[in-house]
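Novice: Supplied structure: protein14.tsv, TSV, C-alpha atoms.
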chain	number	residue	atom	x	y	z
B	277	MET	CA	42.75	-46.00	-24.93
B	278	LYS	CA	41.80	-44.47	-28.24
B	279	THR	CA	38.33	-46.01	-28.07
B	280	THR	CA	37.76	-44.51	-24.61
B	281	TYR	CA	38.79	-41.05	-25.86
B	282	ILE	CA	36.35	-41.28	-28.76
B	283	LYS	CA	33.49	-42.24	-26.41
B	284	LEU	CA	34.27	-39.30	-24.11
B	285	SER	CA	34.30	-36.90	-27.05
B	286	LEU	CA	30.93	-38.12	-28.30
B	287	SER	CA	29.46	-37.77	-24.82
B	288	ALA	CA	30.72	-34.17	-24.57
B	289	VAL	CA	29.22	-33.28	-27.95
B	290	LEU	CA	25.87	-34.78	-26.92
B	291	LEU	CA	25.80	-32.81	-23.65
B	292	LEU	CA	26.62	-29.54	-25.45
B	293	GLY	CA	23.77	-30.21	-27.87
B	294	ILE	CA	21.37	-30.81	-24.99
B	295	TYR	CA	22.32	-27.61	-23.15
B	296	SER	CA	21.92	-25.53	-26.30
B	297	CYS	CA	18.39	-26.87	-26.75
B	298	LYS	CA	17.04	-26.35	-23.20
B	299	LYS	CA	13.91	-24.15	-23.25
B	300	GLY	CA	10.31	-24.00	-21.96
B	301	GLU	CA	7.94	-26.94	-21.96
B	302	ALA	CA	4.78	-25.25	-23.29
B	303	SER	CA	3.35	-26.93	-26.37
B	304	ALA	CA	1.92	-25.31	-29.48
B	305	ASN	CA	-1.44	-26.93	-28.76
B	306	GLU	CA	-1.64	-25.29	-25.29
B	307	LEU	CA	-0.90	-21.85	-26.70
B	308	SER	CA	-3.50	-22.34	-29.42
B	309	ASN	CA	-6.12	-23.21	-26.79
B	310	TYR	CA	-5.46	-20.01	-24.80
B	311	ALA	CA	-4.88	-17.57	-27.66
B	312	VAL	CA	-7.64	-15.77	-29.50
B	313	ALA	CA	-8.26	-17.39	-32.88
B	314	ASP	CA	-7.09	-15.51	-35.97
B	315	SER	CA	-9.75	-14.29	-38.37
B	316	ALA	CA	-10.14	-12.13	-41.43
B	317	ALA	CA	-9.98	-8.36	-40.98
B	318	VAL	CA	-13.19	-7.10	-39.38
B	319	THR	CA	-14.41	-3.53	-39.32
B	320	ALA	CA	-16.76	-3.61	-36.32
B	321	PRO	CA	-18.61	-0.40	-35.48
B	322	ASP	CA	-16.71	1.43	-32.77
B	323	ASN	CA	-17.18	5.10	-31.95
B	324	VAL	CA	-14.38	5.01	-29.36
B	325	SER	CA	-11.24	3.99	-31.25
B	326	SER	CA	-10.34	1.48	-33.95
B	327	ALA	CA	-7.49	0.22	-31.72
B	328	ALA	CA	-10.07	-1.04	-29.21
B	329	SER	CA	-11.90	-3.37	-31.61
B	330	MET	CA	-9.68	-3.96	-34.63
B	331	GLU	CA	-8.89	-7.50	-35.77
B	332	VAL	CA	-6.27	-8.25	-38.42
B	333	LYS	CA	-5.74	-11.55	-40.17
B	334	ASP	CA	-2.72	-13.51	-38.87
B	335	LYS	CA	-2.14	-10.94	-36.11
B	336	GLN	CA	-2.58	-11.15	-32.33
B	337	PHE	CA	-2.89	-8.02	-30.14
B	338	ILE	CA	-2.70	-7.49	-26.38
B	339	LYS	CA	-4.93	-4.49	-25.75
B	340	THR	CA	-4.86	-2.14	-22.77
B	341	ALA	CA	-6.52	1.19	-22.00
B	342	ASP	CA	-6.08	4.07	-19.55
B	343	VAL	CA	-8.93	6.52	-18.86
B	344	ASN	CA	-8.87	9.70	-16.76
B	345	MET	CA	-12.12	11.65	-16.42
B	346	ASP	CA	-14.20	13.93	-14.19
B	347	VAL	CA	-17.60	12.70	-13.05
B	348	LYS	CA	-20.52	14.21	-11.17
B	349	ASP	CA	-20.62	11.58	-8.43
B	350	VAL	CA	-17.65	9.24	-7.91
B	351	TYR	CA	-19.59	6.67	-5.90
B	352	ASN	CA	-22.43	6.34	-8.42
B	353	ALA	CA	-19.97	6.27	-11.32
B	354	THR	CA	-18.01	3.49	-9.59
B	355	ILE	CA	-21.16	1.40	-9.17
B	356	ALA	CA	-22.07	1.93	-12.83
B	357	ILE	CA	-18.59	0.97	-14.06
B	358	GLU	CA	-18.41	-2.18	-11.94
B	359	LYS	CA	-21.89	-3.20	-13.09
B	360	SER	CA	-20.91	-2.70	-16.73
B	361	VAL	CA	-17.79	-4.84	-16.24
B	362	GLN	CA	-19.84	-7.66	-14.76
B	363	GLU	CA	-22.43	-7.54	-17.55
B	364	LEU	CA	-19.70	-7.84	-20.19
B	365	GLY	CA	-18.16	-10.89	-18.53
B	366	GLY	CA	-15.19	-9.11	-16.95
B	367	PHE	CA	-14.05	-8.56	-13.38
B	368	VAL	CA	-12.66	-5.84	-11.13
B	369	THR	CA	-9.09	-6.28	-9.83
B	370	LYS	CA	-8.79	-2.96	-7.94
B	371	SER	CA	-11.11	-0.23	-6.63
B	372	ASN	CA	-9.68	2.40	-4.28
B	373	LEU	CA	-12.38	4.97	-3.50
B	374	GLN	CA	-11.42	7.72	-1.05
B	375	SER	CA	-12.41	11.24	0.01
B	376	ASN	CA	-9.77	13.95	0.33
B	377	VAL	CA	-10.78	16.48	3.01
B	378	VAL	CA	-9.96	20.08	2.02
B	379	SER	CA	-11.18	21.76	5.23
B	380	GLU	CA	-12.89	20.75	8.48
B	381	ASP	CA	-14.60	23.11	10.96
B	382	THR	CA	-16.88	22.65	14.00
B	383	TYR	CA	-19.68	25.13	14.80
B	384	ASN	CA	-21.54	25.07	18.14
B	385	THR	CA	-25.34	25.16	17.72
B	386	SER	CA	-26.34	24.81	21.42
B	387	ASP	CA	-24.85	24.12	24.84
B	388	THR	CA	-24.74	20.40	24.08
B	389	GLU	CA	-24.75	20.10	20.26
B	390	ALA	CA	-22.50	21.19	17.40
B	391	MET	CA	-22.16	20.70	13.64
B	392	LEU	CA	-19.01	19.38	11.95
B	393	ILE	CA	-18.64	20.75	8.40
B	394	LYS	CA	-16.31	18.87	6.03
B	395	LYS	CA	-15.42	20.08	2.55
B	396	TYR	CA	-13.98	17.30	0.43
B	397	LYS	CA	-13.42	15.81	-3.03
B	398	SER	CA	-13.89	12.14	-3.87
B	399	GLU	CA	-11.78	10.07	-6.27
B	400	ASN	CA	-11.33	6.45	-7.24
B	401	THR	CA	-8.63	4.43	-8.97
B	402	ILE	CA	-10.10	1.36	-10.64
B	403	GLN	CA	-8.52	-1.49	-12.59
B	404	VAL	CA	-10.72	-3.93	-14.50
B	405	ARG	CA	-10.27	-6.85	-16.92
B	406	VAL	CA	-12.79	-7.13	-19.73
B	407	PRO	CA	-13.00	-9.59	-22.67
B	408	THR	CA	-10.84	-8.18	-25.44
B	409	GLU	CA	-13.58	-8.42	-28.06
B	410	LYS	CA	-15.79	-6.21	-25.83
B	411	LEU	CA	-13.19	-3.55	-25.00
B	412	GLY	CA	-14.72	-0.99	-27.36
B	413	GLU	CA	-18.19	-1.61	-25.96
B	414	PHE	CA	-16.93	-1.17	-22.41
B	415	LEU	CA	-15.14	2.11	-23.17
B	416	THR	CA	-18.31	3.40	-24.81
B	417	SER	CA	-20.39	2.50	-21.73
B	418	ILE	CA	-18.12	4.23	-19.20
B	419	ASN	CA	-17.95	7.30	-21.42
B	420	THR	CA	-21.59	8.05	-20.51
B	421	ASN	CA	-20.55	8.76	-16.88
B	422	LYS	CA	-18.11	11.54	-17.69
B	423	LEU	CA	-18.44	15.28	-17.17
B	424	PHE	CA	-15.09	15.87	-18.81
B	425	LEU	CA	-12.58	13.47	-20.36
B	426	ASN	CA	-9.08	14.46	-19.25
B	427	SER	CA	-7.23	11.73	-21.17
B	428	ARG	CA	-7.69	8.31	-22.73
B	429	THR	CA	-4.97	5.99	-24.00
B	430	ILE	CA	-5.56	2.74	-25.89
B	431	ASN	CA	-2.67	0.41	-26.71
B	432	ALA	CA	-2.72	-2.58	-29.06
B	433	GLU	CA	0.58	-4.47	-28.79
B	434	ASP	CA	1.31	-6.88	-31.63
B	435	VAL	CA	2.51	-10.13	-30.01
B	436	THR	CA	2.25	-12.38	-33.08
B	437	ALA	CA	6.01	-12.91	-33.18
B	438	ASN	CA	6.08	-13.66	-29.45
B	439	ILE	CA	3.50	-16.42	-29.93
B	440	LYS	CA	5.45	-17.98	-32.80
B	441	TYR	CA	8.61	-17.84	-30.70
B	442	SER	CA	6.81	-19.59	-27.81
B	443	GLU	CA	5.72	-22.36	-30.16
B	444	LEU	CA	9.30	-22.86	-31.35
B	445	GLU	CA	10.56	-22.90	-27.78
B	446	ALA	CA	7.98	-25.55	-26.89
B	447	LYS	CA	9.28	-27.77	-29.69
B	448	ARG	CA	12.88	-27.28	-28.62
B	449	ASN	CA	11.96	-28.07	-25.01
B	450	GLN	CA	10.29	-31.28	-26.13
B	451	LYS	CA	13.36	-32.23	-28.17
B	452	THR	CA	15.59	-31.55	-25.18
B	453	ALA	CA	13.47	-33.85	-23.03
B	454	GLU	CA	13.85	-36.64	-25.61
B	455	ASN	CA	17.64	-36.17	-25.73
B	456	ILE	CA	17.85	-36.34	-21.94
B	457	ASP	CA	15.88	-39.59	-21.97
B	458	ASN	CA	18.51	-41.12	-24.28
B	459	ILE	CA	21.38	-40.36	-21.88
B	460	LYS	CA	22.60	-43.10	-19.60
B	461	ALA	CA	21.24	-42.65	-16.08
B	462	ASN	CA	23.66	-40.71	-13.84
B	463	LYS	CA	23.73	-37.60	-11.67
B	464	ASP	CA	24.19	-35.33	-14.70
B	465	LYS	CA	21.01	-36.70	-16.26
B	466	VAL	CA	19.06	-35.93	-13.08
B	467	ALA	CA	20.37	-32.34	-13.02
B	468	LEU	CA	19.62	-31.86	-16.72
B	469	GLY	CA	16.09	-33.21	-16.28
B	470	ASP	CA	15.44	-30.97	-13.30
B	471	ASN	CA	16.67	-27.84	-15.10
B	472	ASN	CA	14.69	-28.69	-18.21
B	473	MET	CA	11.51	-29.18	-16.15
B	474	SER	CA	12.05	-25.86	-14.33
B	475	GLU	CA	12.51	-23.96	-17.59
B	476	GLY	CA	9.54	-25.80	-19.04
B	477	ASN	CA	7.35	-24.61	-16.15
B	478	LEU	CA	8.54	-21.05	-16.65
B	479	GLN	CA	7.79	-21.25	-20.35
B	480	LYS	CA	4.33	-22.62	-19.61
B	481	LEU	CA	3.64	-19.78	-17.14
B	482	THR	CA	4.69	-17.23	-19.78
B	483	THR	CA	2.38	-18.87	-22.30
B	484	ILE	CA	-0.60	-18.85	-19.93
B	485	THR	CA	0.03	-15.20	-18.98
B	486	MET	CA	0.20	-14.15	-22.62
B	487	ALA	CA	-2.96	-16.10	-23.47
B	488	ASP	CA	-4.77	-14.47	-20.52
B	489	ASN	CA	-3.70	-11.00	-21.67
B	490	LEU	CA	-4.95	-11.83	-25.16
B	491	LYS	CA	-8.32	-12.95	-23.83
B	492	TYR	CA	-8.84	-10.13	-21.29
B	493	SER	CA	-7.84	-6.49	-21.75
B	494	THR	CA	-6.68	-4.48	-18.74
B	495	VAL	CA	-8.30	-1.05	-18.27
B	496	ASP	CA	-7.04	1.45	-15.67
B	497	ILE	CA	-9.61	4.12	-14.78
B	498	TYR	CA	-9.18	7.25	-12.66
B	499	ILE	CA	-12.31	9.26	-11.82
B	500	ARG	CA	-12.73	12.34	-9.64
B	501	GLU	CA	-15.22	15.07	-8.77
B	502	PRO	CA	-14.19	18.56	-9.94
B	503	LYS	CA	-16.34	20.39	-7.35
B	504	LEU	CA	-16.13	20.41	-3.58
B	505	ARG	CA	-18.75	18.39	-1.69
B	506	ILE	CA	-19.94	19.35	1.79
B	507	ALA	CA	-20.81	16.95	4.60
B	508	GLU	CA	-22.76	18.16	7.67
B	509	ILE	CA	-22.23	15.84	10.66
B	510	ALA	CA	-23.99	16.34	14.01
B	511	VAL	CA	-21.53	16.08	16.92
B	512	THR	CA	-21.35	16.95	20.64
B	513	ASN	CA	-20.43	20.43	21.86
B	514	THR	CA	-17.22	19.54	23.67
B	515	ASN	CA	-16.70	23.06	25.05
B	516	SER	CA	-19.74	22.81	27.34
B	517	ILE	CA	-18.63	19.36	28.54
B	518	ASP	CA	-15.13	20.67	29.29
B	519	ASN	CA	-16.53	23.66	31.24
B	520	LYS	CA	-18.91	21.40	33.17
B	521	TYR	CA	-16.13	19.25	34.59
B	522	ARG	CA	-13.25	21.69	34.49
B	523	TYR	CA	-13.51	22.87	38.19
B	524	ASN	CA	-15.16	21.29	41.29
B	525	PHE	CA	-14.57	23.28	44.50
B	526	ILE	CA	-15.48	20.57	47.03
B	527	TYR	CA	-13.40	17.90	45.30
B	528	ASP	CA	-10.43	20.23	44.72
B	529	ALA	CA	-10.53	21.50	48.34
B	530	LYS	CA	-10.58	17.95	49.68
B	531	ASP	CA	-7.79	16.98	47.32
B	532	GLY	CA	-5.75	20.03	48.41
B	533	PHE	CA	-6.18	19.17	52.10
B	534	VAL	CA	-5.04	15.59	51.52
B	535	TYR	CA	-2.10	16.76	49.44
B	536	GLY	CA	-1.04	19.26	52.19
B	537	PHE	CA	-1.23	16.52	54.84
B	538	TYR	CA	1.01	14.24	52.81
B	539	LEU	CA	3.35	17.16	52.07
B	540	ILE	CA	3.87	17.72	55.83
B	541	GLN	CA	4.69	14.04	56.22
B	542	ARG	CA	7.22	14.21	53.42
B	543	ILE	CA	8.89	17.29	54.93
B	544	PHE	CA	9.07	15.65	58.38
B	545	VAL	CA	10.61	12.48	56.91
B	546	ALA	CA	13.11	14.57	54.95
B	547	LEU	CA	14.18	16.36	58.14
B	548	ILE	CA	14.67	13.02	59.87
B	549	ASN	CA	16.91	11.88	57.04
B	550	ILE	CA	19.21	14.88	57.48
B	551	TRP	CA	19.26	14.98	61.32
B	552	PRO	CA	23.08	14.83	61.50
B	553	LEU	CA	23.33	17.98	59.40
B	554	LEU	CA	20.70	19.70	61.52
B	555	LEU	CA	22.58	18.72	64.68
B	556	ILE	CA	25.87	20.11	63.37
B	557	ALA	CA	24.16	23.31	62.18
B	558	GLY	CA	22.52	23.77	65.61
B	559	GLY	CA	25.86	23.27	67.39
B	560	LEU	CA	27.60	25.82	65.18
B	561	ILE	CA	24.87	28.38	65.76
B	562	TYR	CA	25.06	27.85	69.55
B	563	PHE	CA	28.88	28.14	69.52
B	564	PHE	CA	28.94	31.43	67.58
B	565	ARG	CA	26.18	32.98	69.67
B	566	LYS	CA	27.93	32.05	72.92
B	567	ARG	CA	31.25	33.39	71.68
B	568	LYS	CA	29.61	36.64	70.66
B	569	ALA	CA	27.96	36.97	74.05
B	570	THR	CA	31.26	36.51	76.00
B	571	ARG	CA	33.30	38.91	73.81
B	572	PRO	CA	33.93	42.26	75.72
B	573	GLU	CA	32.45	45.34	74.20
B	574	GLN	CA	34.96	47.77	72.73
B	575	PRO	CA	34.79	51.33	74.22
B	576	LYS	CA	33.66	53.96	71.80
B	577	ASN	CA	36.28	56.54	70.73
B	578	GLN	CA	35.76	59.86	72.46
B	579	GLU	CA	36.09	62.96	70.42
Would you mind giving the structure from this file in structure tokens?
Specialist:
Amino acid sequence: MKTTYIKLSLSAVLLLGIYSCKKGEASANELSNYAVADSAAVTAPDNVSSAASMEVKDKQFIKTADVNMDVKDVYNATIAIEKSVQELGGFVTKSNLQSNVVSEDTYNTSDTEAMLIKKYKSENTIQVRVPTEKLGEFLTSINTNKLFLNSRTINAEDVTANIKYSELEAKRNQKTAENIDNIKANKDKVALGDNNMSEGNLQKLTTITMADNLKYSTVDIYIREPKLRIAEIAVTNTNSIDNKYRYNFIYDAKDGFVYGFYLIQRIFVALINIWPLLLIAGGLIYFFRKRKATRPEQPKNQE
């Protein structure tokens, strides 16, 4: 009995140790392959911001930028920005170009033609991913398209500690897997293995996401045109078309005749439906008239 109790206690301690160790399955080697390699501090030429191109020994940065500027032509500026992204080895994840109409009027120029005048402003919201080491170069290139820079924000988030923590979690996850392998096969072992694999996949996804953000910087760009643009669009004069077909005497007269004929039919059918009422009304009228005719006339009072 005592031996059985000791075995149960040891099993409980082992299970508690396994649960306390469960973490992600990403390895230190995987993270090293995705992360940008550390190097000595470099002072690369950058006339945009030191945060865009700085490199510090033993430090890892996730860099992002947000740019808001006015441009002369939104469409041409969009083409230039997307071309610059492609040349630098990046890619566009969002481009939402639209025209906001301020006013819209139609002016007739002849009996059949008219001109639609639209006053509008164009804007575009763009999101791109560029290689982190070329972020400064990209920001410099798009700066040439501006008429006026409303705002620009550059962030460099230090994630060195996060990377070290991921490496430690990978080791703990590996140790947990080894401990599970040493447990006697039963339903608890299956559940532990499944949970450990699920958390390992989540840890691996986090590692890949972080490595991707280290390799590619996200840049959000908003561009707009400060002045109104005018579009002249040739359209049809709808007033002349409406007047042309608004009234047709022959057709309307024919239609009125047909409608009157069917109206007479409807009235006749309606009278047939109420013939009992008409019969009663006729009898009452005949009775009152006959009674009035047979009533003697009263002599007039003589003065």
Novice: Determine, counting only C-alpha atoms, which protein, DNA and RNA residues have an atom within 7 Å of an atom of region 371-385 of chain B; residues of the same chain fewer than 2 positions away are not included. Present the result as number ranges by chain.
Specialist: B: 389-403, 513
Novice: Could you please determine the separation between CA of Leu555 (chain B) and CA of Arg542 (chain B) in Å, to one decimal place?
Specialist: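 Computing the Euclidean distance for CA of Leu555 (chain B) and CA of Arg542 (chain B) yields 19.6 Å.
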Novice: If we count all atoms listed in the file and set the cut-off at 7 Å, which residues sit around Thr494 (chain B), ignoring sequence neighbours fewer than 5 positions away in its own chain? Please answer as a VMD selection string.
Specialist: chain B and resid 340 to 341 404 to 406
Novice: To one decimal place in Å, what is the distance between CA of Lys410 (chain B) and CA of Ser442 (chain B)?
Specialist: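 Rounded to one decimal, the two atoms are 26.3 Å apart.
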Novice: Find the distance between CA of Asn549 (chain B) and CA of Lys530 (chain B) and write it in Å to one decimal.
Specialist: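 Answer for the CA of Asn549 (chain B) to CA of Lys530 (chain B) separation: 29.1 Å.
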Novice: Point out the residue among B:Leu539, B:Val350, B:Ala546, B:Ile338 with the least atom-to-atom distance to Thr408 (chain B), counting only C-alpha atoms.
Specialist: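 Of B:Leu539, B:Val350, B:Ala546, B:Ile338, the one nearest Thr408 (chain B), counting only C-alpha atoms, is B:Ile338.
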Novice: With distances taken over only C-alpha atoms, which of B:Ser386, B:Gln479, B:Ser360, B:Gln336 is nearest to Leu444 (chain B)?
Specialist: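 Ranking B:Ser386, B:Gln479, B:Ser360, B:Gln336 by distance to Leu444 (chain B), first place goes to B:Gln479.
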Novice: When you look at Ala356 (chain B) with a cut-off of 10 Å (counting all atoms listed in the file), what residues show up, excluding the ones that are within fewer than 3 positions of it in the same chain? I need them as a PDB file with C-alpha atoms, in the frame of the given file.
Specialist:
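part.pdb, freshly written:
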ATOM      1  CA  VAL B 350     -17.650   9.240  -7.910  1.00  0.00           C
ATOM      2  CA  TYR B 351     -19.590   6.670  -5.900  1.00  0.00           C
ATOM      3  CA  ASN B 352     -22.430   6.340  -8.420  1.00  0.00           C
ATOM      4  CA  ALA B 353     -19.970   6.270 -11.320  1.00  0.00           C
ATOM      5  CA  LYS B 359     -21.890  -3.200 -13.090  1.00  0.00           C
ATOM      6  CA  SER B 360     -20.910  -2.700 -16.730  1.00  0.00           C
ATOM      7  CA  VAL B 361     -17.790  -4.840 -16.240  1.00  0.00           C
ATOM      8  CA  SER B 417     -20.390   2.500 -21.730  1.00  0.00           C
ATOM      9  CA  ILE B 418     -18.120   4.230 -19.200  1.00  0.00           C
ATOM     10  CA  THR B 420     -21.590   8.050 -20.510  1.00  0.00           C
ATOM     11  CA  ASN B 421     -20.550   8.760 -16.880  1.00  0.00           C
TER      12      ASN B 421
END
